[in-house]
>>> print(open('upload.cif').read())   # mmCIF, C-alpha atoms and all ligand atoms
data_coords
#
loop_
_atom_site.group_PDB
_atom_site.id
_atom_site.type_symbol
_atom_site.label_atom_id
_atom_site.label_comp_id
_atom_site.auth_asym_id
_atom_site.auth_seq_id
_atom_site.Cartn_x
_atom_site.Cartn_y
_atom_site.Cartn_z
ATOM 1 C CA MET M 1 15.700 -9.466 -5.777
ATOM 2 C CA PHE M 2 11.998 -8.570 -6.051
ATOM 3 C CA GLY M 3 9.160 -9.131 -3.596
ATOM 4 C CA VAL M 4 5.517 -8.173 -3.243
ATOM 5 C CA VAL M 5 3.810 -7.612 0.125
ATOM 6 C CA VAL M 6 0.028 -7.995 0.132
ATOM 7 C CA PRO M 7 -1.993 -7.128 3.265
ATOM 8 C CA THR M 8 -5.212 -9.103 3.411
ATOM 9 C CA TYR M 9 -8.399 -9.240 5.363
ATOM 10 C CA ASN M 10 -11.189 -11.377 3.892
ATOM 11 C CA GLU M 11 -9.998 -11.339 0.278
ATOM 12 C CA ALA M 12 -10.712 -15.003 -0.575
ATOM 13 C CA ASP M 13 -12.449 -14.043 -3.836
ATOM 14 C CA ASN M 14 -9.452 -12.016 -5.027
ATOM 15 C CA ILE M 15 -6.192 -13.465 -3.667
ATOM 16 C CA LYS M 16 -5.937 -16.455 -6.029
ATOM 17 C CA VAL M 17 -6.263 -14.293 -9.143
ATOM 18 C CA LEU M 18 -3.845 -11.711 -7.738
ATOM 19 C CA ILE M 19 -1.080 -14.236 -6.936
ATOM 20 C CA LYS M 20 -1.465 -15.837 -10.370
ATOM 21 C CA GLU M 21 -1.280 -12.457 -12.140
ATOM 22 C CA ILE M 22 1.749 -11.300 -10.100
ATOM 23 C CA ARG M 23 3.617 -14.458 -11.149
ATOM 24 C CA GLU M 24 2.601 -13.983 -14.791
ATOM 25 C CA ASN M 25 4.108 -10.507 -14.732
ATOM 26 C CA VAL M 26 7.280 -10.964 -12.657
ATOM 27 C CA LYS M 27 9.584 -13.959 -12.759
ATOM 28 C CA ASP M 28 11.277 -15.075 -9.516
ATOM 29 C CA VAL M 29 9.177 -12.930 -7.230
ATOM 30 C CA THR M 30 8.610 -13.622 -3.526
ATOM 31 C CA ILE M 31 4.995 -13.003 -2.555
ATOM 32 C CA ILE M 32 4.427 -12.222 1.126
ATOM 33 C CA VAL M 33 0.841 -12.152 2.404
ATOM 34 C CA ILE M 34 0.114 -10.569 5.785
ATOM 35 C CA ASP M 35 -3.311 -11.783 6.819
ATOM 36 C CA ASP M 36 -5.065 -10.517 9.939
ATOM 37 C CA ASN M 37 -6.861 -13.772 10.668
ATOM 38 C CA SER M 38 -9.444 -13.598 7.855
ATOM 39 C CA GLU M 39 -12.550 -15.688 8.474
ATOM 40 C CA ASP M 40 -13.021 -16.574 4.795
ATOM 41 C CA GLY M 41 -9.953 -18.774 4.212
ATOM 42 C CA THR M 42 -7.791 -16.115 2.496
ATOM 43 C CA ALA M 43 -4.614 -17.304 4.264
ATOM 44 C CA GLU M 44 -5.185 -20.970 3.336
ATOM 45 C CA ILE M 45 -5.727 -20.083 -0.335
ATOM 46 C CA ALA M 46 -2.576 -17.938 -0.387
ATOM 47 C CA LYS M 47 -0.581 -20.801 1.205
ATOM 48 C CA GLU M 48 -1.905 -23.289 -1.372
ATOM 49 C CA MET M 49 -0.751 -20.876 -4.083
ATOM 50 C CA GLY M 50 2.787 -20.954 -2.650
ATOM 51 C CA ALA M 51 2.934 -17.487 -1.099
ATOM 52 C CA LYS M 52 4.785 -16.874 2.176
ATOM 53 C CA VAL M 53 1.875 -16.281 4.513
ATOM 54 C CA PHE M 54 1.999 -14.678 7.949
ATOM 55 C CA VAL M 55 -1.229 -14.812 9.937
ATOM 56 C CA ARG M 56 -1.461 -12.297 12.753
ATOM 57 C CA THR M 57 -3.932 -13.190 15.471
ATOM 58 C CA ASN M 58 -3.292 -10.502 18.052
ATOM 59 C CA GLU M 59 -2.852 -7.433 15.883
ATOM 60 C CA LYS M 60 -4.905 -5.790 13.184
ATOM 61 C CA GLY M 61 -4.502 -2.824 10.873
ATOM 62 C CA LEU M 62 -3.393 -2.050 7.340
ATOM 63 C CA GLY M 63 -0.365 0.027 8.370
ATOM 64 C CA SER M 64 1.001 -2.393 10.929
ATOM 65 C CA ALA M 65 0.477 -5.268 8.447
ATOM 66 C CA LEU M 66 2.439 -3.381 5.773
ATOM 67 C CA ARG M 67 5.253 -2.512 8.172
ATOM 68 C CA PHE M 68 5.411 -6.140 9.336
ATOM 69 C CA GLY M 69 5.501 -7.419 5.739
ATOM 70 C CA LEU M 70 8.109 -4.912 4.561
ATOM 71 C CA ASN M 71 10.392 -5.811 7.482
ATOM 72 C CA LYS M 72 9.954 -9.540 6.769
ATOM 73 C CA ALA M 73 10.882 -8.920 3.127
ATOM 74 C CA VAL M 74 14.079 -7.104 4.126
ATOM 75 C CA GLU M 75 14.917 -9.952 6.534
ATOM 76 C CA LEU M 76 14.597 -12.329 3.570
ATOM 77 C CA GLY M 77 17.167 -10.266 1.680
ATOM 78 C CA ILE M 78 14.699 -8.693 -0.758
ATOM 79 C CA THR M 79 15.947 -5.318 -1.933
ATOM 80 C CA ARG M 80 12.974 -4.004 -3.960
ATOM 81 C CA ILE M 81 9.613 -4.572 -2.302
ATOM 82 C CA ALA M 82 6.249 -3.741 -3.846
ATOM 83 C CA THR M 83 3.105 -3.286 -1.771
ATOM 84 C CA MET M 84 -0.297 -3.712 -3.337
ATOM 85 C CA ASP M 85 -3.928 -4.232 -2.348
ATOM 86 C CA ALA M 86 -5.376 -7.718 -2.724
ATOM 87 C CA ASP M 87 -8.650 -6.517 -4.245
ATOM 88 C CA LEU M 88 -7.343 -6.303 -7.858
ATOM 89 C CA SER M 89 -7.570 -2.495 -7.846
ATOM 90 C CA HIS M 90 -3.814 -2.507 -8.493
ATOM 91 C CA ASP M 91 -3.082 -4.127 -11.847
ATOM 92 C CA PRO M 92 -0.016 -6.431 -11.566
ATOM 93 C CA SER M 93 0.922 -5.615 -15.168
ATOM 94 C CA TYR M 94 2.484 -2.379 -13.821
ATOM 95 C CA LEU M 95 4.918 -4.316 -11.625
ATOM 96 C CA PRO M 96 7.752 -4.761 -14.181
ATOM 97 C CA SER M 97 7.932 -1.028 -14.977
ATOM 98 C CA MET M 98 7.556 -0.070 -11.300
ATOM 99 C CA PHE M 99 10.363 -2.449 -10.288
ATOM 100 C CA ASN M 100 12.445 -1.050 -13.122
ATOM 101 C CA ALA M 101 11.855 2.524 -11.915
ATOM 102 C CA SER M 102 12.752 1.426 -8.377
ATOM 103 C CA LEU M 103 16.303 0.631 -9.463
ATOM 104 C CA ASN M 104 16.880 4.413 -9.500
ATOM 105 C CA ALA M 105 14.645 5.454 -6.599
ATOM 106 C CA ASP M 106 13.905 4.604 -2.978
ATOM 107 C CA LEU M 107 10.146 4.907 -3.389
ATOM 108 C CA VAL M 108 8.061 4.423 -6.523
ATOM 109 C CA VAL M 109 4.426 5.461 -6.171
ATOM 110 C CA GLY M 110 1.786 4.130 -8.562
ATOM 111 C CA SER M 111 -0.086 7.382 -9.054
ATOM 112 C CA ARG M 112 -3.669 8.055 -10.113
ATOM 113 C CA TYR M 113 -3.158 11.802 -10.049
ATOM 114 C CA ILE M 114 -0.421 12.455 -12.590
ATOM 115 C CA GLU M 115 -0.760 12.585 -16.360
ATOM 116 C CA GLY M 116 -1.664 9.158 -17.708
ATOM 117 C CA GLY M 117 -3.099 7.985 -14.392
ATOM 118 C CA ARG M 118 -6.802 7.738 -13.545
ATOM 119 C CA ILE M 119 -9.486 5.968 -11.552
ATOM 120 C CA GLU M 120 -12.093 3.806 -13.232
ATOM 121 C CA ASN M 121 -15.590 3.220 -11.869
ATOM 122 C CA TRP M 122 -15.214 4.758 -8.417
ATOM 123 C CA PRO M 123 -18.328 6.412 -6.998
ATOM 124 C CA LEU M 124 -18.210 10.201 -6.516
ATOM 125 C CA LYS M 125 -18.078 9.850 -2.709
ATOM 126 C CA ARG M 126 -14.926 7.709 -2.862
ATOM 127 C CA ARG M 127 -13.287 10.139 -5.326
ATOM 128 C CA VAL M 128 -14.002 13.084 -3.040
ATOM 129 C CA ILE M 129 -12.539 11.256 -0.017
ATOM 130 C CA SER M 130 -9.363 10.382 -1.922
ATOM 131 C CA LYS M 131 -8.910 13.874 -3.391
ATOM 132 C CA GLY M 132 -9.669 15.451 -0.002
ATOM 133 C CA ALA M 133 -7.085 13.235 1.729
ATOM 134 C CA ASN M 134 -4.454 14.243 -0.824
ATOM 135 C CA PHE M 135 -5.387 17.931 -0.525
ATOM 136 C CA LEU M 136 -4.964 17.767 3.270
ATOM 137 C CA THR M 137 -1.659 15.899 3.023
ATOM 138 C CA LYS M 138 -0.239 18.516 0.680
ATOM 139 C CA LEU M 139 -1.592 21.392 2.795
ATOM 140 C CA LEU M 140 -0.587 20.117 6.239
ATOM 141 C CA LEU M 141 2.579 18.162 5.452
ATOM 142 C CA HIS M 142 3.738 20.090 2.351
ATOM 143 C CA SER M 143 4.048 16.866 0.389
ATOM 144 C CA SER M 144 5.252 17.257 -3.181
ATOM 145 C CA ILE M 145 3.696 13.908 -4.137
ATOM 146 C CA GLN M 146 0.408 13.954 -6.067
ATOM 147 C CA ASP M 147 -0.950 10.581 -4.884
ATOM 148 C CA ASN M 148 -0.049 10.288 -1.215
ATOM 149 C CA THR M 149 -2.749 7.726 -0.419
ATOM 150 C CA SER M 150 -1.878 5.177 -3.106
ATOM 151 C CA GLY M 151 -1.001 1.787 -1.659
ATOM 152 C CA TYR M 152 0.613 0.594 -4.894
ATOM 153 C CA ARG M 153 4.307 1.251 -4.320
ATOM 154 C CA VAL M 154 7.831 -0.118 -4.487
ATOM 155 C CA TYR M 155 10.210 0.520 -1.578
ATOM 156 C CA SER M 156 13.979 0.068 -1.438
ATOM 157 C CA ALA M 157 15.453 -1.630 1.647
ATOM 158 C CA ARG M 158 16.743 1.806 2.675
ATOM 159 C CA ALA M 159 13.242 3.285 2.508
ATOM 160 C CA VAL M 160 11.933 0.409 4.652
ATOM 161 C CA GLU M 161 14.521 1.269 7.282
ATOM 162 C CA VAL M 162 13.493 4.940 7.260
ATOM 163 C CA ILE M 163 9.764 4.167 7.611
ATOM 164 C CA SER M 164 10.275 1.704 10.445
ATOM 165 C CA SER M 165 9.632 4.727 12.659
ATOM 166 C CA CYS M 166 5.972 4.833 11.490
ATOM 167 C CA ARG M 167 4.935 2.812 14.555
ATOM 168 C CA ASN M 168 2.069 5.145 15.425
ATOM 169 C CA ALA M 169 0.539 4.803 11.951
ATOM 170 C CA GLY M 170 -1.207 1.460 12.340
ATOM 171 C CA GLY M 171 -3.986 2.006 9.833
ATOM 172 C CA TYR M 172 -4.519 3.763 6.478
ATOM 173 C CA GLU M 173 -2.375 6.677 7.744
ATOM 174 C CA PHE M 174 0.707 4.499 7.232
ATOM 175 C CA GLN M 175 0.781 5.542 3.548
ATOM 176 C CA ILE M 176 1.065 9.192 4.584
ATOM 177 C CA CYS M 177 3.711 8.518 7.219
ATOM 178 C CA ALA M 178 5.809 6.534 4.743
ATOM 179 C CA VAL M 179 5.796 9.291 2.090
ATOM 180 C CA TYR M 180 6.510 11.914 4.769
ATOM 181 C CA LYS M 181 9.511 10.066 6.227
ATOM 182 C CA VAL M 182 10.996 9.196 2.849
ATOM 183 C CA LEU M 183 10.773 12.839 1.712
ATOM 184 C CA ARG M 184 12.099 14.161 5.043
ATOM 185 C CA ASN M 185 15.125 11.893 4.695
ATOM 186 C CA HIS M 186 15.770 13.242 1.194
ATOM 187 C CA LEU M 187 15.353 9.853 -0.453
ATOM 188 C CA LYS M 188 14.333 9.836 -4.097
ATOM 189 C CA VAL M 189 10.640 9.381 -4.887
ATOM 190 C CA VAL M 190 9.173 8.921 -8.350
ATOM 191 C CA GLU M 191 5.534 8.700 -9.357
ATOM 192 C CA VAL M 192 4.479 6.531 -12.269
ATOM 193 C CA PRO M 193 0.957 6.654 -13.707
ATOM 194 C CA ILE M 194 -1.476 3.818 -12.990
ATOM 195 C CA ILE M 195 -5.095 3.186 -13.906
ATOM 196 C CA PHE M 196 -6.906 2.150 -10.726
ATOM 197 C CA ARG M 197 -10.029 -0.032 -10.886
ATOM 198 C CA ASP M 198 -12.632 -0.322 -8.137
ATOM 199 C CA ARG M 199 -12.857 -3.707 -6.467
ATOM 200 C CA GLU M 200 -15.459 -6.073 -7.956
ATOM 201 C CA LYS M 201 -15.414 -8.701 -5.211
ATOM 202 C CA GLY M 202 -15.192 -8.592 -1.435
ATOM 203 C CA SER M 203 -15.839 -5.490 0.594
ATOM 204 C CA SER M 204 -13.986 -2.308 1.500
ATOM 205 C CA LYS M 205 -12.393 -2.128 4.952
ATOM 206 C CA LEU M 206 -12.247 1.668 4.967
ATOM 207 C CA SER M 207 -14.760 2.849 7.586
ATOM 208 C CA SER M 208 -15.594 6.349 8.837
ATOM 209 C CA GLY M 209 -13.830 5.484 12.117
ATOM 210 C CA LYS M 210 -10.644 4.664 10.201
ATOM 211 C CA MET M 211 -10.939 7.932 8.250
ATOM 212 C CA ALA M 212 -11.251 9.892 11.512
ATOM 213 C CA LYS M 213 -8.164 8.112 12.856
ATOM 214 C CA TRP M 214 -6.344 8.978 9.611
ATOM 215 C CA LEU M 215 -7.226 12.673 9.936
ATOM 216 C CA TRP M 216 -6.224 12.892 13.592
ATOM 217 C CA TYR M 217 -2.886 11.235 12.834
ATOM 218 C CA VAL M 218 -2.131 13.634 9.925
ATOM 219 C CA ILE M 219 -2.962 16.646 12.127
ATOM 220 C CA LYS M 220 -0.712 15.343 14.914
ATOM 221 C CA LEU M 221 2.114 14.610 12.460
ATOM 222 C CA SER M 222 1.860 18.157 11.058
ATOM 223 C CA LEU M 223 2.045 19.578 14.598
ATOM 224 C CA GLY M 224 5.035 17.392 15.398
ATOM 225 C CA ILE M 225 3.249 15.694 18.312
ATOM 226 C CA THR M 226 3.493 12.202 16.863
ATOM 227 C CA SER M 227 6.035 10.319 14.816
HETATM 228 N N1 LIG N 1 -3.738 -7.422 7.048
HETATM 229 C C1 LIG N 1 -4.639 -6.472 6.916
HETATM 230 N N2 LIG N 1 -5.039 -6.088 5.687
HETATM 231 C C2 LIG N 1 -5.978 -5.120 5.596
HETATM 232 C C3 LIG N 1 -6.569 -4.501 6.718
HETATM 233 N N3 LIG N 1 -7.462 -3.564 6.281
HETATM 234 C C4 LIG N 1 -7.427 -3.619 4.930
HETATM 235 N N4 LIG N 1 -6.548 -4.554 4.508
HETATM 236 C C5 LIG N 1 -6.183 -4.925 3.143
HETATM 237 O O1 LIG N 1 -5.630 -3.770 2.566
HETATM 238 C C6 LIG N 1 -5.994 -3.643 1.207
HETATM 239 C C7 LIG N 1 -6.747 -2.322 1.011
HETATM 240 O O2 LIG N 1 -7.983 -2.380 1.695
HETATM 241 P P1 LIG N 1 -9.366 -1.934 0.996
HETATM 242 O O3 LIG N 1 -10.497 -2.347 1.866
HETATM 243 O O4 LIG N 1 -9.392 -2.410 -0.405
HETATM 244 O O5 LIG N 1 -9.239 -0.391 1.096
HETATM 245 P P2 LIG N 1 -9.087 0.672 -0.029
HETATM 246 O O6 LIG N 1 -8.516 0.060 -1.262
HETATM 247 O O7 LIG N 1 -8.374 1.833 0.570
HETATM 248 O O8 LIG N 1 -10.590 1.080 -0.231
HETATM 249 P P3 LIG N 1 -11.669 0.592 -1.311
HETATM 250 O O9 LIG N 1 -11.529 1.486 -2.443
HETATM 251 O O10 LIG N 1 -12.925 0.806 -0.625
HETATM 252 O O11 LIG N 1 -11.381 -0.823 -1.703
HETATM 253 C C8 LIG N 1 -6.800 -4.900 0.889
HETATM 254 O O12 LIG N 1 -5.942 -5.886 0.386
HETATM 255 C C9 LIG N 1 -7.342 -5.305 2.259
HETATM 256 O O13 LIG N 1 -7.664 -6.680 2.350
HETATM 257 C C10 LIG N 1 -6.132 -4.931 8.020
HETATM 258 O O14 LIG N 1 -6.573 -4.456 9.066
HETATM 259 N N5 LIG N 1 -5.173 -5.902 8.046
HETATM 260 MG MG MG N 2 -9.434 -1.405 -2.239
#
>>> encode(input="upload.cif", output="structure tokens")
Amino acid sequence: MFGVVVPTYNEADNIKVLIKEIRENVKDVTIIVIDDNSEDGTAEIAKEMGAKVFVRTNEKGLGSALRFGLNKAVELGITRIATMDADLSHDPSYLPSMFNASLNADLVVGSRYIEGGRIENWPLKRRVISKGANFLTKLLLHSSIQDNTSGYRVYSARAVEVISSCRNAGGYEFQICAVYKVLRNHLKVVEVPIIFRDREKGSSKLSSGKMAKWLWYVIKLSLGITS
């Protein structure tokens, strides 16, 4: 049984297209939207489109939204759960092959940094941030994964159980925690190439404050002073 978890904050211009494209690519898929009380009607649009929508009013953060959504999916009996951004950077046409790969792995990572993968139309600054984050993850946490920051993934129910300990990774650092825990528990990870497109509508939620929080978390994780 396949599911897709989409964290959203003010993605009204993108969510309708995304839900439609997910359904065009995967039959019988449960779409779970975790919305942190968007002001632009994202949750209402997702509900109208037939997604299972959870609106959180007293918590915020990409990582905690993903953890919440992945746990909900497991509760619903879904055994292979994709996560993807709502901003159309992650092309739903990769979902069938990623779900297929997930039948033999606990984590499938849609990777921009292996052969066949790439990023289209990202500004230099954004490329440097992404490459730098991956460099630090490999250096400090000895990750063998090339694209540790990608949010386009498929988790098995077993992987979701293992990453439930990522409680201290409430923001963008959740992606790093999840890869780290899955590798530490000797679960199988595969990377498949994806072509990533920059968002055309809506705005990025990645701020310098969130990047600083990300860095501090990764340092603490490498020193073993957080989980
Ligand atoms: N529920 C929830 N979703 C979030 C939060 N922050 C970001 N998101 C969603 O997470 C996804 C990724 O966020 P983006 O702002 O696109 O961040 P990014 O893709 O790392 O960066 P850009 O390249 O700048 O787009 C999008 O679907 C956002 O709407 C949050 O605090 N809560
Ligand atoms: Mg984005």
>>> atom_distance(input="upload.cif", atom1="CA of Val128 (chain M)", atom2="atom N2 of ligand LIG 1 (chain N)")
22.9 Å
>>> residues_near_ligand(input="upload.cif", ligand="ligand MG 2 (chain N)", cutoff="10 Å", atoms="all atoms listed in the file", output="list in words")
Met84, Asp85, Ala86, Asp87, Leu88, Ser89, His90, Gly151, Phe196, Arg197, Asp198, Arg199, Glu200, Lys201, Gly202, Ser203, Ser204, Lys205 and Leu206 of chain M
>>> resolve_selection(input="upload.cif", expression="the PyMOL selection byres (((chain M and resi 109) around 9) and not hetatm)", output="list in words")
Met98, Leu107, Val108, Gly110, Ser111, Ile145, Asp147, Asn148, Ser150, Gly151, Tyr152, Arg153, Val154, Tyr155, Val189, Val190, Glu191, Val192 and Pro193 of chain M
>>> atom_distance(input="upload.cif", atom1="CA of Thr30 (chain M)", atom2="atom O2 of ligand LIG 1 (chain N)")
20.7 Å
>>> resolve_selection(input="upload.cif", expression="the PyMOL selection byres (((chain M and resi 184) around 12) and not hetatm)", output="number ranges by chain")
M: 141-144, 159, 162-163, 177-183, 185-189
